[in-house]
Amino acid sequence: MPRRRKGVVEIGTGRRWPRPTVGAVSALGRAQLGEPRLMEKRMTPAAHQAAQIDTHALARYLEAALPGFKGPLTAEKTPTGQSNPTFLLSSASGRYVLRKKPPGQLLKSAHAVDREFRVMKGLGQTDVPVPRMLLLCEDPSILGTEFFVMEFVDGVVFWNPALPELDNAHRLRVYDEQNRALAALHSADPATIGLADFGRPGSYFARQRDRWTKQYRASETEYLADMETMIAWLNANEPADDGRVSLVHGDYRLDNIIVAPAEPKILAVLDWELSTLGDPLADFSYHLMQWVMPPSDAGVGSLIGHDLAALGIPSLEAYVERYVERTGRDPRPHLPVYLAYNFFRVAAIFQGIVGRVRDGTATSDYAPAKVQMVRPFAEKAWEFARQAGAQ
């Protein structure tokens, strides 16, 4: 846990980052800095269960299964983790991070902690920065659901893409690091790291469209005309499959990245639940959404309204050009289509969160605030569909 002093958050022995207003925090914890929750909600039994784990049972299991582990341990649930509850474990042998499936009835194919473990373990052999995977437990009798344990990475997580905590030079380097790490992911060969079967090749958009349509329907709470229009539009406007296949993260954004405490270098990319084999340009254009997404109070970062040149943050055009230089892949000819798809996809994801709030199984403190985001993201999806030439 970072040592707190006036005006700064000091992590490890490196640089003292300025104390955050919106969110540079030690890895895994706005709660560690005492930030108030965005919205309080009485937890149902399922959500209450998700927020707790049996530390005695876990310690016994880890002492037998994880070399070098020594109890006793304490577990602190982080306030984040939209889908899979995440805990900071502290023990006599050090700190670890545990990520588990939530309890209760779950949407099909969601909360796949085993896939998260597998992809990060494979990427540990590449230039993509990931935490070291320590253990996967598929036995639900230990904690009630599957879980995995990974190393604790001591660094900084930034929540505001404008990076008010940094100066211009460091902002630029953080953005270039994000670009570099994603280009490295899209350049990795899945076959050489044991992930050739991590997804089905071909028909990526069709499969993704069908998946998110089904999940939207499964958690639908009201009729949204723009979502219905987008479902029909995506069915009629599927991009041609040009055979591009790479590992894709599925949720690559600033607050899923841990930055070194002493320099703007990415130490780890987190939250691989949505990773698969797919279209790298669809993955990259999801990352570009922060330049064009509607601002909100729901913890969704947006660069709209900021003077990027004054902040030292690259424009969307300059950022895309750097990615093209690194990978040889260019999203610009079809960028409105990619963005329309991604805004629809995120609206469907938010609707899934709405469904979990409705059912009382949401495990993140910030989940209720996402309720208001479905409609504006659906509207933005249709805006980009019109730009792409909607019929």
# chains A, B, ... in the order shown; residues from 1 in each chain; ligands from 1
>>> select_by_dssp(residues="region 268-305 of chain A", states="helix (DSSP H, G or I)", output="PyMOL selection string")
chain A and resi 280-291
>>> residues_around(residues="Phe350 (chain A)", least_positions_apart="3", cutoff="6 Å", atoms="only C-alpha atoms", output="list in words")
Ala347, Ile353 and Val374 of chain A
>>> write_last_selection(atoms="N, CA, C and O atoms", output="compact mmCIF listing (two decimals), in the first residue's frame")
# COMPACT_ATOMS: atom_id res chain seq x y z
N ALA A 347 -22.20 -0.49 -25.45
CA ALA A 347 -23.57 -0.30 -24.96
C ALA A 347 -24.16 -1.62 -24.49
O ALA A 347 -24.85 -1.68 -23.47
N ILE A 353 -24.25 -4.91 -17.38
CA ILE A 353 -24.04 -4.39 -16.03
C ILE A 353 -25.37 -3.94 -15.43
O ILE A 353 -25.65 -4.18 -14.25
N VAL A 374 -25.93 3.43 -21.30
CA VAL A 374 -26.36 2.59 -22.43
C VAL A 374 -26.90 3.45 -23.57
O VAL A 374 -26.48 3.32 -24.73
>>> residues_around(residues="Glu228 (chain A)", least_positions_apart="4", cutoff="12 Å", atoms="only C-alpha atoms", output="PyMOL selection string")
chain A and resi 213+216-217+220+222-224+232-235+344+347-348+375+378-379+381-382
>>> write_last_selection(atoms="N, CA and C atoms", output="PDB file, in the first residue's frame")
ATOM      1  N   THR A 213     -25.311  -9.080 -29.282  1.00  0.00           N
ATOM      2  CA  THR A 213     -26.762  -8.981 -29.442  1.00  0.00           C
ATOM      3  C   THR A 213     -27.463  -9.914 -28.461  1.00  0.00           C
ATOM      4  N   TYR A 216     -27.070  -8.589 -24.973  1.00  0.00           N
ATOM      5  CA  TYR A 216     -27.940  -7.435 -24.781  1.00  0.00           C
ATOM      6  C   TYR A 216     -29.371  -7.895 -24.544  1.00  0.00           C
ATOM      7  N   ARG A 217     -29.838  -8.828 -25.352  1.00  0.00           N
ATOM      8  CA  ARG A 217     -31.200  -9.346 -25.189  1.00  0.00           C
ATOM      9  C   ARG A 217     -31.379 -10.007 -23.817  1.00  0.00           C
ATOM     10  N   GLU A 220     -31.729  -7.103 -21.281  1.00  0.00           N
ATOM     11  CA  GLU A 220     -32.503  -5.937 -21.720  1.00  0.00           C
ATOM     12  C   GLU A 220     -33.522  -5.525 -20.656  1.00  0.00           C
ATOM     13  N   GLU A 222     -35.244  -2.182 -21.160  1.00  0.00           N
ATOM     14  CA  GLU A 222     -36.158  -1.248 -21.807  1.00  0.00           C
ATOM     15  C   GLU A 222     -35.885  -1.252 -23.301  1.00  0.00           C
ATOM     16  N   TYR A 223     -36.832  -0.744 -24.067  1.00  0.00           N
ATOM     17  CA  TYR A 223     -36.673  -0.664 -25.525  1.00  0.00           C
ATOM     18  C   TYR A 223     -35.834   0.560 -25.864  1.00  0.00           C
ATOM     19  N   LEU A 224     -34.752   0.358 -26.619  1.00  0.00           N
ATOM     20  CA  LEU A 224     -33.906   1.452 -27.078  1.00  0.00           C
ATOM     21  C   LEU A 224     -33.860   1.397 -28.599  1.00  0.00           C
ATOM     22  N   ALA A 232     -29.833  -4.203 -36.564  1.00  0.00           N
ATOM     23  CA  ALA A 232     -30.185  -4.404 -37.972  1.00  0.00           C
ATOM     24  C   ALA A 232     -29.073  -3.900 -38.891  1.00  0.00           C
ATOM     25  N   TRP A 233     -28.478  -2.742 -38.549  1.00  0.00           N
ATOM     26  CA  TRP A 233     -27.430  -2.175 -39.401  1.00  0.00           C
ATOM     27  C   TRP A 233     -26.190  -3.062 -39.430  1.00  0.00           C
ATOM     28  N   LEU A 234     -25.787  -3.588 -38.287  1.00  0.00           N
ATOM     29  CA  LEU A 234     -24.614  -4.450 -38.247  1.00  0.00           C
ATOM     30  C   LEU A 234     -24.841  -5.737 -39.030  1.00  0.00           C
ATOM     31  N   ASN A 235     -26.059  -6.237 -39.016  1.00  0.00           N
ATOM     32  CA  ASN A 235     -26.372  -7.426 -39.807  1.00  0.00           C
ATOM     33  C   ASN A 235     -26.231  -7.156 -41.300  1.00  0.00           C
ATOM     34  N   PHE A 344     -21.641   0.163 -30.179  1.00  0.00           N
ATOM     35  CA  PHE A 344     -22.730  -0.802 -29.963  1.00  0.00           C
ATOM     36  C   PHE A 344     -22.300  -1.860 -28.954  1.00  0.00           C
ATOM     37  N   ALA A 347     -22.200  -0.489 -25.454  1.00  0.00           N
ATOM     38  CA  ALA A 347     -23.568  -0.297 -24.964  1.00  0.00           C
ATOM     39  C   ALA A 347     -24.155  -1.619 -24.493  1.00  0.00           C
ATOM     40  N   ALA A 348     -23.883  -2.702 -25.233  1.00  0.00           N
ATOM     41  CA  ALA A 348     -24.371  -4.023 -24.830  1.00  0.00           C
ATOM     42  C   ALA A 348     -23.703  -4.482 -23.541  1.00  0.00           C
ATOM     43  N   ARG A 375     -27.834   4.342 -23.246  1.00  0.00           N
ATOM     44  CA  ARG A 375     -28.476   5.152 -24.283  1.00  0.00           C
ATOM     45  C   ARG A 375     -27.477   6.044 -25.036  1.00  0.00           C
ATOM     46  N   ALA A 378     -25.376   3.970 -27.377  1.00  0.00           N
ATOM     47  CA  ALA A 378     -26.159   3.514 -28.522  1.00  0.00           C
ATOM     48  C   ALA A 378     -26.338   4.648 -29.531  1.00  0.00           C
ATOM     49  N   GLU A 379     -26.589   5.853 -29.037  1.00  0.00           N
ATOM     50  CA  GLU A 379     -26.731   7.011 -29.920  1.00  0.00           C
ATOM     51  C   GLU A 379     -25.434   7.286 -30.671  1.00  0.00           C
ATOM     52  N   ALA A 381     -23.126   5.081 -31.395  1.00  0.00           N
ATOM     53  CA  ALA A 381     -22.945   4.011 -32.376  1.00  0.00           C
ATOM     54  C   ALA A 381     -23.678   4.349 -33.673  1.00  0.00           C
ATOM     55  N   TRP A 382     -24.926   4.820 -33.553  1.00  0.00           N
ATOM     56  CA  TRP A 382     -25.704   5.145 -34.739  1.00  0.00           C
ATOM     57  C   TRP A 382     -25.140   6.374 -35.454  1.00  0.00           C
TER      58      TRP A 382
END
>>> residues_around(residues="region 126-143 of chain A", least_positions_apart="2", cutoff="8 Å", atoms="only C-alpha atoms", output="compact mmCIF listing (two decimals) with N, CA and C atoms, in the first residue's frame")
# COMPACT_ATOMS: atom_id res chain seq x y z
N ILE A 53 -14.34 -13.48 0.72
CA ILE A 53 -13.81 -14.81 0.48
C ILE A 53 -13.38 -15.40 1.83
N ASP A 54 -13.34 -16.72 1.89
CA ASP A 54 -12.93 -17.44 3.10
C ASP A 54 -11.40 -17.47 3.13
N ALA A 57 -9.76 -20.85 4.39
CA ALA A 57 -9.75 -21.92 3.38
C ALA A 57 -8.77 -21.61 2.27
N LEU A 58 -8.72 -20.33 1.86
CA LEU A 58 -7.79 -19.94 0.80
C LEU A 58 -6.35 -20.12 1.23
N TYR A 61 -5.37 -23.74 1.14
CA TYR A 61 -5.20 -24.20 -0.23
C TYR A 61 -3.90 -23.69 -0.83
N ALA A 65 -0.74 -25.52 -2.59
CA ALA A 65 -0.70 -25.48 -4.06
C ALA A 65 0.26 -24.47 -4.65
N LEU A 66 0.64 -23.43 -3.89
CA LEU A 66 1.47 -22.35 -4.43
C LEU A 66 2.84 -22.37 -3.76
N ASP A 114 -10.56 -18.47 -16.41
CA ASP A 114 -9.60 -19.44 -16.93
C ASP A 114 -8.96 -18.93 -18.22
N PHE A 117 -6.42 -16.20 -17.33
CA PHE A 117 -5.18 -16.82 -16.84
C PHE A 117 -4.35 -17.34 -18.01
N MET A 120 -2.74 -14.47 -20.31
CA MET A 120 -1.63 -13.76 -19.67
C MET A 120 -0.42 -14.67 -19.48
N LYS A 121 -0.67 -15.94 -19.20
CA LYS A 121 0.45 -16.88 -19.07
C LYS A 121 1.19 -17.01 -20.40
N GLY A 122 0.43 -17.10 -21.50
CA GLY A 122 1.07 -17.18 -22.81
C GLY A 122 1.81 -15.90 -23.17
N LEU A 123 1.21 -14.75 -22.90
CA LEU A 123 1.84 -13.47 -23.25
C LEU A 123 3.06 -13.17 -22.41
N GLY A 124 3.23 -13.89 -21.31
CA GLY A 124 4.44 -13.72 -20.51
C GLY A 124 5.70 -14.05 -21.29
N THR A 145 -16.30 -20.42 -6.50
CA THR A 145 -16.19 -20.29 -7.95
C THR A 145 -14.72 -20.43 -8.33
N GLU A 146 -14.46 -20.56 -9.64
CA GLU A 146 -13.08 -20.61 -10.14
C GLU A 146 -12.35 -19.30 -9.81
N PHE A 147 -11.03 -19.39 -9.67
CA PHE A 147 -10.23 -18.18 -9.45
C PHE A 147 -8.80 -18.43 -9.92
N PHE A 148 -8.06 -17.33 -10.07
CA PHE A 148 -6.63 -17.46 -10.29
C PHE A 148 -5.89 -16.45 -9.43
N VAL A 149 -4.61 -16.74 -9.22
CA VAL A 149 -3.74 -15.87 -8.43
C VAL A 149 -2.58 -15.44 -9.31
N MET A 150 -2.26 -14.15 -9.28
CA MET A 150 -1.13 -13.63 -10.03
C MET A 150 -0.29 -12.75 -9.13
N GLU A 151 0.90 -12.41 -9.63
CA GLU A 151 1.77 -11.56 -8.84
C GLU A 151 1.16 -10.18 -8.66
N PHE A 152 1.49 -9.52 -7.57
CA PHE A 152 1.10 -8.13 -7.34
C PHE A 152 2.12 -7.23 -8.04
N VAL A 153 1.65 -6.36 -8.90
CA VAL A 153 2.51 -5.42 -9.61
C VAL A 153 2.36 -4.06 -8.96
N ALA A 181 2.51 -1.08 -26.54
CA ALA A 181 2.08 -2.34 -25.95
C ALA A 181 0.97 -2.99 -26.78
N LEU A 182 0.03 -2.18 -27.28
CA LEU A 182 -1.05 -2.75 -28.08
C LEU A 182 -0.52 -3.24 -29.43
N ALA A 184 2.42 -4.42 -29.88
CA ALA A 184 3.12 -5.67 -29.56
C ALA A 184 2.14 -6.83 -29.45
N LEU A 185 0.99 -6.58 -28.83
CA LEU A 185 -0.02 -7.62 -28.73
C LEU A 185 -0.48 -8.06 -30.11
N ALA A 188 2.09 -10.25 -31.93
CA ALA A 188 2.47 -11.54 -31.35
C ALA A 188 1.86 -12.68 -32.16
N ILE A 266 4.91 1.05 -19.06
CA ILE A 266 3.86 0.11 -18.70
C ILE A 266 4.48 -1.15 -18.09
N LEU A 267 4.03 -1.49 -16.89
CA LEU A 267 4.48 -2.70 -16.23
C LEU A 267 3.55 -3.88 -16.49
N ALA A 268 2.25 -3.61 -16.63
CA ALA A 268 1.31 -4.70 -16.80
C ALA A 268 0.02 -4.20 -17.44
N VAL A 269 -0.51 -4.99 -18.34
CA VAL A 269 -1.86 -4.79 -18.88
C VAL A 269 -2.77 -5.80 -18.20
N LEU A 270 -3.90 -5.33 -17.69
CA LEU A 270 -4.81 -6.15 -16.89
C LEU A 270 -6.13 -6.40 -17.61
>>> atom_distance(atom1="CA of Leu98 (chain A)", atom2="CA of Thr86 (chain A)")
5.7 Å
>>> residues_around(residues="Asp307 (chain A)", least_positions_apart="4", cutoff="12 Å", atoms="only C-alpha atoms", output="PyMOL selection string")
chain A and resi 162+168+291+303+311-315
>>> atom_distance(atom1="CA of Asn179 (chain A)", atom2="CA of Gly194 (chain A)")
24.3 Å
>>> closest_atom_pairs(of="region 275-337 of chain A", to="region 237-256 of chain A", cutoff="9 Å", atoms="only C-alpha atoms", output="JSON lines")
{"residue": "A:Ser275", "atom": "CA", "partner": "A:His249", "partner_atom": "CA", "distance": 4.4}
{"residue": "A:Thr276", "atom": "CA", "partner": "A:Val248", "partner_atom": "CA", "distance": 5.6}
{"residue": "A:Leu277", "atom": "CA", "partner": "A:Leu247", "partner_atom": "CA", "distance": 4.6}
{"residue": "A:Gly278", "atom": "CA", "partner": "A:Val245", "partner_atom": "CA", "distance": 5.1}
{"residue": "A:Asp279", "atom": "CA", "partner": "A:Val245", "partner_atom": "CA", "distance": 5.3}
{"residue": "A:Pro280", "atom": "CA", "partner": "A:Ser246", "partner_atom": "CA", "distance": 5.9}
{"residue": "A:Leu281", "atom": "CA", "partner": "A:Arg244", "partner_atom": "CA", "distance": 8.7}
{"residue": "A:Ala282", "atom": "CA", "partner": "A:Val248", "partner_atom": "CA", "distance": 8.5}
{"residue": "A:Asp283", "atom": "CA", "partner": "A:Val248", "partner_atom": "CA", "distance": 5.9}
{"residue": "A:Phe284", "atom": "CA", "partner": "A:Tyr252", "partner_atom": "CA", "distance": 8.1}
{"residue": "A:Tyr286", "atom": "CA", "partner": "A:Tyr252", "partner_atom": "CA", "distance": 7.4}
{"residue": "A:His287", "atom": "CA", "partner": "A:Tyr252", "partner_atom": "CA", "distance": 5.7}
{"residue": "A:Leu288", "atom": "CA", "partner": "A:Arg253", "partner_atom": "CA", "distance": 8.8}
{"residue": "A:Gln290", "atom": "CA", "partner": "A:Arg253", "partner_atom": "CA", "distance": 8.2}
{"residue": "A:Gly301", "atom": "CA", "partner": "A:Leu254", "partner_atom": "CA", "distance": 8.6}
{"residue": "A:His334", "atom": "CA", "partner": "A:Pro239", "partner_atom": "CA", "distance": 8.5}
{"residue": "A:Val337", "atom": "CA", "partner": "A:Pro239", "partner_atom": "CA", "distance": 7.8}
>>> closest_residue(among="A:Gly155, A:Pro336, A:Pro67, A:Pro72", to="Gln387 (chain A)", atoms="only C-alpha atoms")
A:Pro336
>>> closest_residue(among="A:Met373, A:Leu88, A:Leu274, A:Val97", to="Val354 (chain A)", atoms="only C-alpha atoms")
A:Met373
